[in-house]
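See below for the structure under consideration.
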Amino acid sequence: MIYFDNGATTYPKPEIVFRQTVNGFKNYCFNSGRGGYSASISASEKIYNVRKKIGLMFGAEPQNIVFTKNCTEALNITIKGLVKKGDHIIISSLEHNAVFRPVYALHSAGYIDFDIADFSFDEDETVANFERLIRRNTSLIVCMHSSNVFGVVFPIKKIGEMAKRHNVRFVVDCAQSAGILPVNMKEYNIDAICAPGHKSLYGAMGTGFAAFADNMDISTIIEGGTGSESLNPKQPLSLPDRLESGTLNNVGIISLGAGIDFINRRGMDNIYNHELLLIDYIYRGLKKIPNVKLYCPKPEKNKSTPLLSFNFKDYSSEKAAAYLAQNNIAVRAGLHCAPLAHKHFGTVDTGTVRICPSVFTTKKDCEILINTIKKLNK
């Protein structure tokens with residue numbers, strides 16, 4: 001199988017991830033922080049080391065890293081934990097349902113109000129689109145770093161600077177950028193980052209995290225055992241315990257840490273450059289094929305992640321993807337859980353076929369993909 005569905009989950013995983021996952025099962029399947037015996041302490045230290053790796057990558061303190069089962073859970077915990085009744089939220093016109101649905105649910109319950117800021121290929125216009133929607137009760141801006149459908153990158157540093165001027169908290173969904181594009185919470189004035197472990201951080205499915213700035217007042221949507229303050233009927237106030245009730249996914253977290261080790265050794269910029277060259281090659285190849293429709297400009301460094309969407313003629317995106325699947329090429333078709341993005345780009349009725357290479361994709365894989373799509377015209 002030639003795999004181009006890395007925007008959903010990266011495959012294959014690096015060898016170091018396999019090794020460390022097995023190591024986790026063998027040596028660290030103990031409740032970290034819940035026992036005084038050496039194996040529990042070692043597990044706790046191992047998990048803390050992963051917090052440090054994430055903190056170094058994203059500019060956060062280790063104790064402010066909260067593990068979740070995926071990015072969607074991290075976003076729900078963050079959004080619902082940071083707003084109060086009567087607040088106003090601004091999201092972008094390209095947001096994934098992991099942001100849109102929780103915000104819409106809060107709005108439907110009469111808890112908050114929200115507005116949608118349009119994405120523009122002009123960075124300053126995008127920032128202005130957010131800024132003009134700010135109200136006196138705006139408490140939160142939530143914006144993806146990069147679109148999971150079209151690969152376009154938001155100017156999150158500029159948005160963060162603008163949000164800080166207005167004393168509005170800023171949450172960034174790094175589902176498609178974590179491990180590919182550098183992000184520093186302190187430099188970018190970001191209050192919280194949410195990311196999955198199973199995409200470009202190369203960890204196992206069932207992993208994710210939220211990283212918070214210092215001194216964040218976050219309400220809880222889950223309470224339970226934390227291994228700390230057990231006599232207190234109230235959930236602890238300090239992170240990560242406040243938002244980490246129950247037993248952690250030690251093995252998954254260890255796999256995530258191994259994925260970060262792989263990125264650090266290979267070099268994030270080297271990985272990005274490799275993948276961007278491949279998506280550029282695919283883009284140029286598709287652009288020459290009659291009846292192929294592309295929706296964005298040519299991929300450009302720091303303005304695009306290595307991902308693109310296309311459609312063919314009057315085919316449904318599912319039909320085109322099924323044809324590729326018959327030729328042993330794995331892609332994703334449909335709305336990609338992002339109807340807002342499809343409404344913005346005018347593809348809500350058709351969806352798109354999404355292509356996303358990884359560090360393990362070769363130019364030969366890309367040639368086969370392009371030549372297979374060419375045959376649709378025959």
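Residues in the structure tokens are numbered from 1 in each chain, the chains being A, B, ... in the order shown, and ligands are numbered from 1 in the order shown.
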Quiz item: Leaving out Arg242 of chain A and any residue of its chain fewer than 6 positions from it, which residues lie within 10 Å of it when counting only C-alpha atoms, given as an MDAnalysis selection string?
Solution: chainID A and resid 66 218:220 222:226 228 234:236
Create the file for the chosen residues now, containing N, CA and C atoms and written as a compact mmCIF listing (two decimals), in the first residue's frame.
# COMPACT_ATOMS: atom_id res chain seq x y z
N VAL A 66 -0.83 18.43 29.93
CA VAL A 66 -1.91 17.54 30.36
C VAL A 66 -2.15 16.52 29.26
N ILE A 218 -8.56 27.05 35.11
CA ILE A 218 -9.30 26.16 34.22
C ILE A 218 -10.32 25.36 35.03
N SER A 219 -11.57 25.44 34.64
CA SER A 219 -12.58 24.60 35.28
C SER A 219 -12.50 23.20 34.69
N THR A 220 -13.12 22.23 35.34
CA THR A 220 -13.00 20.83 34.93
C THR A 220 -14.29 20.32 34.31
N ILE A 222 -14.16 16.76 33.89
CA ILE A 222 -13.99 15.41 34.44
C ILE A 222 -13.31 15.54 35.79
N GLU A 223 -13.84 14.84 36.78
CA GLU A 223 -13.22 14.80 38.10
C GLU A 223 -13.00 13.34 38.48
N GLY A 224 -12.06 13.11 39.39
CA GLY A 224 -11.82 11.74 39.83
C GLY A 224 -10.50 11.59 40.54
N GLY A 225 -10.01 10.37 40.60
CA GLY A 225 -8.77 10.10 41.29
C GLY A 225 -7.57 10.65 40.55
N THR A 226 -6.70 11.31 41.32
CA THR A 226 -5.49 11.88 40.74
C THR A 226 -4.23 11.39 41.44
N SER A 228 -3.40 12.49 44.23
CA SER A 228 -3.00 13.59 45.11
C SER A 228 -4.23 14.18 45.79
N LYS A 234 -12.83 18.09 46.52
CA LYS A 234 -12.70 18.92 45.33
C LYS A 234 -11.49 18.48 44.50
N GLN A 235 -11.61 18.67 43.21
CA GLN A 235 -10.50 18.36 42.31
C GLN A 235 -9.32 19.28 42.64
N PRO A 236 -8.07 18.74 42.61
CA PRO A 236 -6.91 19.60 42.86
C PRO A 236 -6.87 20.80 41.92
Exercise. Name all residues at most 10 Å from Leu75 of chain A (count only C-alpha atoms; drop same-chain ones fewer than 5 positions away) and give them as JSON, numbers by chain.
Key: {"A": [68, 70, 80, 81, 98, 99, 102, 142, 171, 172, 173, 192, 193, 194, 195, 209, 210]}
Those residues with N, CA, C and O atoms, as a CSV table (one decimal), in the first residue's frame please?
chain,number,residue,atom,x,y,z
A,68,THR,N,-4.1,13.6,27.1
A,68,THR,CA,-5.4,13.3,26.8
A,68,THR,C,-5.4,12.1,25.8
A,68,THR,O,-4.3,11.6,25.4
A,70,ASN,N,-6.7,12.2,22.7
A,70,ASN,CA,-6.5,12.7,21.4
A,70,ASN,C,-6.6,14.3,21.4
A,70,ASN,O,-6.8,14.8,22.5
A,80,LYS,N,-13.9,24.4,27.0
A,80,LYS,CA,-15.0,24.4,28.0
A,80,LYS,C,-14.4,24.7,29.4
A,80,LYS,O,-15.2,25.2,30.2
A,81,GLY,N,-13.1,24.5,29.6
A,81,GLY,CA,-12.5,24.9,30.9
A,81,GLY,C,-12.1,26.3,31.0
A,81,GLY,O,-11.9,26.8,32.1
A,98,ALA,N,-13.7,19.5,15.8
A,98,ALA,CA,-13.1,19.4,17.2
A,98,ALA,C,-13.2,20.7,17.9
A,98,ALA,O,-13.2,20.8,19.1
A,99,VAL,N,-13.2,21.8,17.1
A,99,VAL,CA,-13.4,23.1,17.7
A,99,VAL,C,-14.8,23.6,17.5
A,99,VAL,O,-15.5,24.1,18.4
A,102,PRO,N,-17.8,21.7,19.9
A,102,PRO,CA,-17.9,22.2,21.3
A,102,PRO,C,-18.4,23.6,21.4
A,102,PRO,O,-19.1,24.0,22.3
A,142,VAL,N,-10.0,30.9,19.3
A,142,VAL,CA,-9.5,29.5,19.0
A,142,VAL,C,-9.2,29.4,17.5
A,142,VAL,O,-10.1,29.7,16.7
A,171,VAL,N,-6.1,30.2,22.0
A,171,VAL,CA,-5.9,28.7,22.0
A,171,VAL,C,-5.6,28.3,20.5
A,171,VAL,O,-6.3,28.7,19.6
A,172,VAL,N,-4.6,27.5,20.3
A,172,VAL,CA,-4.2,27.0,19.0
A,172,VAL,C,-4.3,25.5,18.9
A,172,VAL,O,-3.8,24.8,19.7
A,173,ASP,N,-5.0,25.1,17.8
A,173,ASP,CA,-5.1,23.7,17.5
A,173,ASP,C,-4.0,23.3,16.5
A,173,ASP,O,-3.9,23.8,15.4
A,192,ALA,N,-2.8,28.3,25.2
A,192,ALA,CA,-2.9,26.8,25.3
A,192,ALA,C,-2.7,26.3,23.9
A,192,ALA,O,-3.2,26.9,22.9
A,193,ILE,N,-2.0,25.2,23.8
A,193,ILE,CA,-1.9,24.4,22.5
A,193,ILE,C,-2.5,23.1,22.7
A,193,ILE,O,-2.3,22.4,23.8
A,194,CYS,N,-3.2,22.6,21.7
A,194,CYS,CA,-3.7,21.2,21.8
A,194,CYS,C,-3.2,20.5,20.5
A,194,CYS,O,-3.1,21.0,19.4
A,195,ALA,N,-2.8,19.2,20.7
A,195,ALA,CA,-2.2,18.4,19.6
A,195,ALA,C,-2.5,17.0,19.9
A,195,ALA,O,-2.6,16.5,21.0
A,209,PHE,N,-2.4,15.8,23.9
A,209,PHE,CA,-2.1,16.6,25.0
A,209,PHE,C,-2.6,18.1,24.8
A,209,PHE,O,-2.9,18.5,23.7
A,210,ALA,N,-2.8,18.7,26.0
A,210,ALA,CA,-3.0,20.2,26.0
A,210,ALA,C,-1.8,20.8,26.8
A,210,ALA,O,-1.5,20.2,27.9
Self-check item: Those of segment 156-260 of chain A in DSSP alpha helix (DSSP H), formatted as an MDAnalysis selection string
Solution: chainID A and resid 156:165 185:188 250:260
Quiz item: Using only C-alpha atoms, which residues sit within 8 Å of segment 32-39 of chain A once same-chain residues fewer than 6 positions away are excluded, as a list of chain:residue names?
Solution: A:Glu45, A:Ile47, A:Gly227, A:Leu248, A:Asn250
Please produce a file of those selected residues containing C-alpha atoms, as a short mmCIF file (atom, residue, chain, number, x, y, z; two decimals), in the first residue's frame.
data_model
loop_
_atom_site.label_atom_id
_atom_site.label_comp_id
_atom_site.auth_asym_id
_atom_site.auth_seq_id
_atom_site.Cartn_x
_atom_site.Cartn_y
_atom_site.Cartn_z
CA GLU A 45 9.75 9.61 35.97
CA ILE A 47 6.03 10.07 31.99
CA GLY A 227 -3.26 10.23 43.33
CA LEU A 248 -2.81 7.45 32.27
CA ASN A 250 1.64 5.11 29.93
#
Exercise. Excluding Gly252 of chain A and residues on its chain fewer than 6 positions from it, collect all residues at most 8 Å away from it, counting only C-alpha atoms, and give them as a PyMOL selection string.
Key: chain A and resi 21+203-207
Exercise. For segment 338-355 of chain A, list every protein, DNA or RNA residue within 10 Å, evaluated using only C-alpha atoms, and leave out those in the same chain fewer than 4 positions away; present the list as number ranges by chain.
Key: A: 3-8, 92-100, 116, 118-119, 147-151, 279, 282-283, 293-296, 306-312, 314-321, 330-334, 369
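Between Ile77 of chain A and the candidates A:Met185, A:Ala258, A:Met162, A:Val103, the tightest atom-to-atom separation, counting only C-alpha atoms, involves A:Val103.
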Practice problem: Pick out the residues sitting within 12 Å of Asn23 of chain A, and hand them over as JSON, numbers by chain; count only C-alpha atoms, and ignore anything fewer than 3 positions along from it in its own chain. | Solution: {"A": [16, 17, 18, 19, 20, 26, 27, 28, 29, 43, 46, 250, 251, 252, 253, 254, 255, 258]}
Write the residues of the preceding selection, restricted to N, CA, C and O atoms, as a compact mmCIF listing (two decimals), in the first residue's frame.
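Writing the result to selection.txt gives the following:
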# COMPACT_ATOMS: atom_id res chain seq x y z
N ILE A 16 12.08 3.60 16.37
CA ILE A 16 12.25 3.93 17.79
C ILE A 16 10.91 3.93 18.53
O ILE A 16 10.84 3.59 19.72
N VAL A 17 9.84 4.26 17.84
CA VAL A 17 8.51 4.23 18.46
C VAL A 17 8.09 2.80 18.76
O VAL A 17 7.56 2.50 19.84
N PHE A 18 8.35 1.88 17.82
CA PHE A 18 8.07 0.46 18.08
C PHE A 18 8.83 -0.02 19.31
O PHE A 18 8.26 -0.65 20.21
N ARG A 19 10.13 0.26 19.33
CA ARG A 19 10.97 -0.24 20.43
C ARG A 19 10.52 0.31 21.77
O ARG A 19 10.42 -0.44 22.76
N GLN A 20 10.25 1.60 21.83
CA GLN A 20 9.88 2.20 23.11
C GLN A 20 8.47 1.81 23.54
O GLN A 20 8.18 1.76 24.74
N LYS A 26 6.71 -3.65 28.69
CA LYS A 26 7.54 -4.53 29.51
C LYS A 26 7.88 -3.94 30.87
O LYS A 26 7.90 -4.65 31.88
N ASN A 27 8.17 -2.63 30.89
CA ASN A 27 8.80 -2.07 32.09
C ASN A 27 8.06 -0.91 32.76
O ASN A 27 8.44 -0.51 33.86
N TYR A 28 7.00 -0.38 32.12
CA TYR A 28 6.37 0.81 32.69
C TYR A 28 4.86 0.73 32.78
O TYR A 28 4.18 1.76 32.83
N CYS A 29 4.31 -0.49 32.85
CA CYS A 29 2.86 -0.65 33.01
C CYS A 29 2.48 -0.63 34.48
O CYS A 29 1.93 -1.60 35.04
N ALA A 43 8.01 4.64 36.48
CA ALA A 43 6.98 4.98 35.50
C ALA A 43 6.65 6.46 35.56
O ALA A 43 6.51 7.12 34.52
N LYS A 46 9.38 8.38 33.90
CA LYS A 46 9.33 8.22 32.45
C LYS A 46 8.27 9.14 31.84
O LYS A 46 8.51 9.79 30.82
N ASN A 250 0.18 5.06 29.87
CA ASN A 250 1.64 5.11 29.93
C ASN A 250 2.31 4.69 28.63
O ASN A 250 3.22 5.36 28.13
N VAL A 251 1.86 3.57 28.07
CA VAL A 251 2.51 3.04 26.88
C VAL A 251 2.36 4.02 25.71
O VAL A 251 3.31 4.29 24.97
N GLY A 252 1.16 4.58 25.56
CA GLY A 252 0.95 5.56 24.50
C GLY A 252 1.78 6.80 24.69
O GLY A 252 2.35 7.34 23.73
N ILE A 253 1.85 7.27 25.93
CA ILE A 253 2.64 8.47 26.22
C ILE A 253 4.13 8.22 25.94
O ILE A 253 4.82 9.08 25.37
N ILE A 254 4.60 7.05 26.30
CA ILE A 254 6.00 6.70 26.02
C ILE A 254 6.25 6.65 24.51
O ILE A 254 7.29 7.10 24.02
N SER A 255 5.27 6.14 23.75
CA SER A 255 5.42 6.12 22.29
C SER A 255 5.49 7.54 21.74
O SER A 255 6.24 7.81 20.80
N ALA A 258 8.88 8.89 22.26
CA ALA A 258 9.81 8.31 21.29
C ALA A 258 9.66 8.99 19.93
O ALA A 258 10.64 9.21 19.21
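The space between atom CA of Pro299 of chain A and atom CA of Asp280 of chain A spans 5.8 Å.
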Quiz item: Quick one, how far is atom CA of Asn273 of chain A from atom CA of Ile289 of chain A?
Solution: 24.8 Å
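One finds atom CA of Thr361 of chain A at 24.1 Å from atom CA of Leu335 of chain A.
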Quiz item: If you run DSSP on the backbone, which residues of segment 122-255 of chain A are strand (DSSP E or B), as an MDAnalysis selection string?
Solution: chainID A and resid 138:144 146 152:153 169:173 192:196 208:212
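Using only C-alpha atoms, the shortest contact distance between Arg169 of chain A and any of A:Glu300, A:Asp87, A:Asp122, A:Glu275 is found at A:Asp87.
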Quiz item: Tyr202 of chain A: which residues within 6 Å, counting only C-alpha atoms, same-chain residues fewer than 3 positions away excluded, as number ranges by chain?
Solution: A: 13, 198-199, 259
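Nearest to Ala128 of chain A of all the residues A:Ile159, A:Leu286, A:Ile368, A:Leu140 is A:Ile159, based on only C-alpha atoms.
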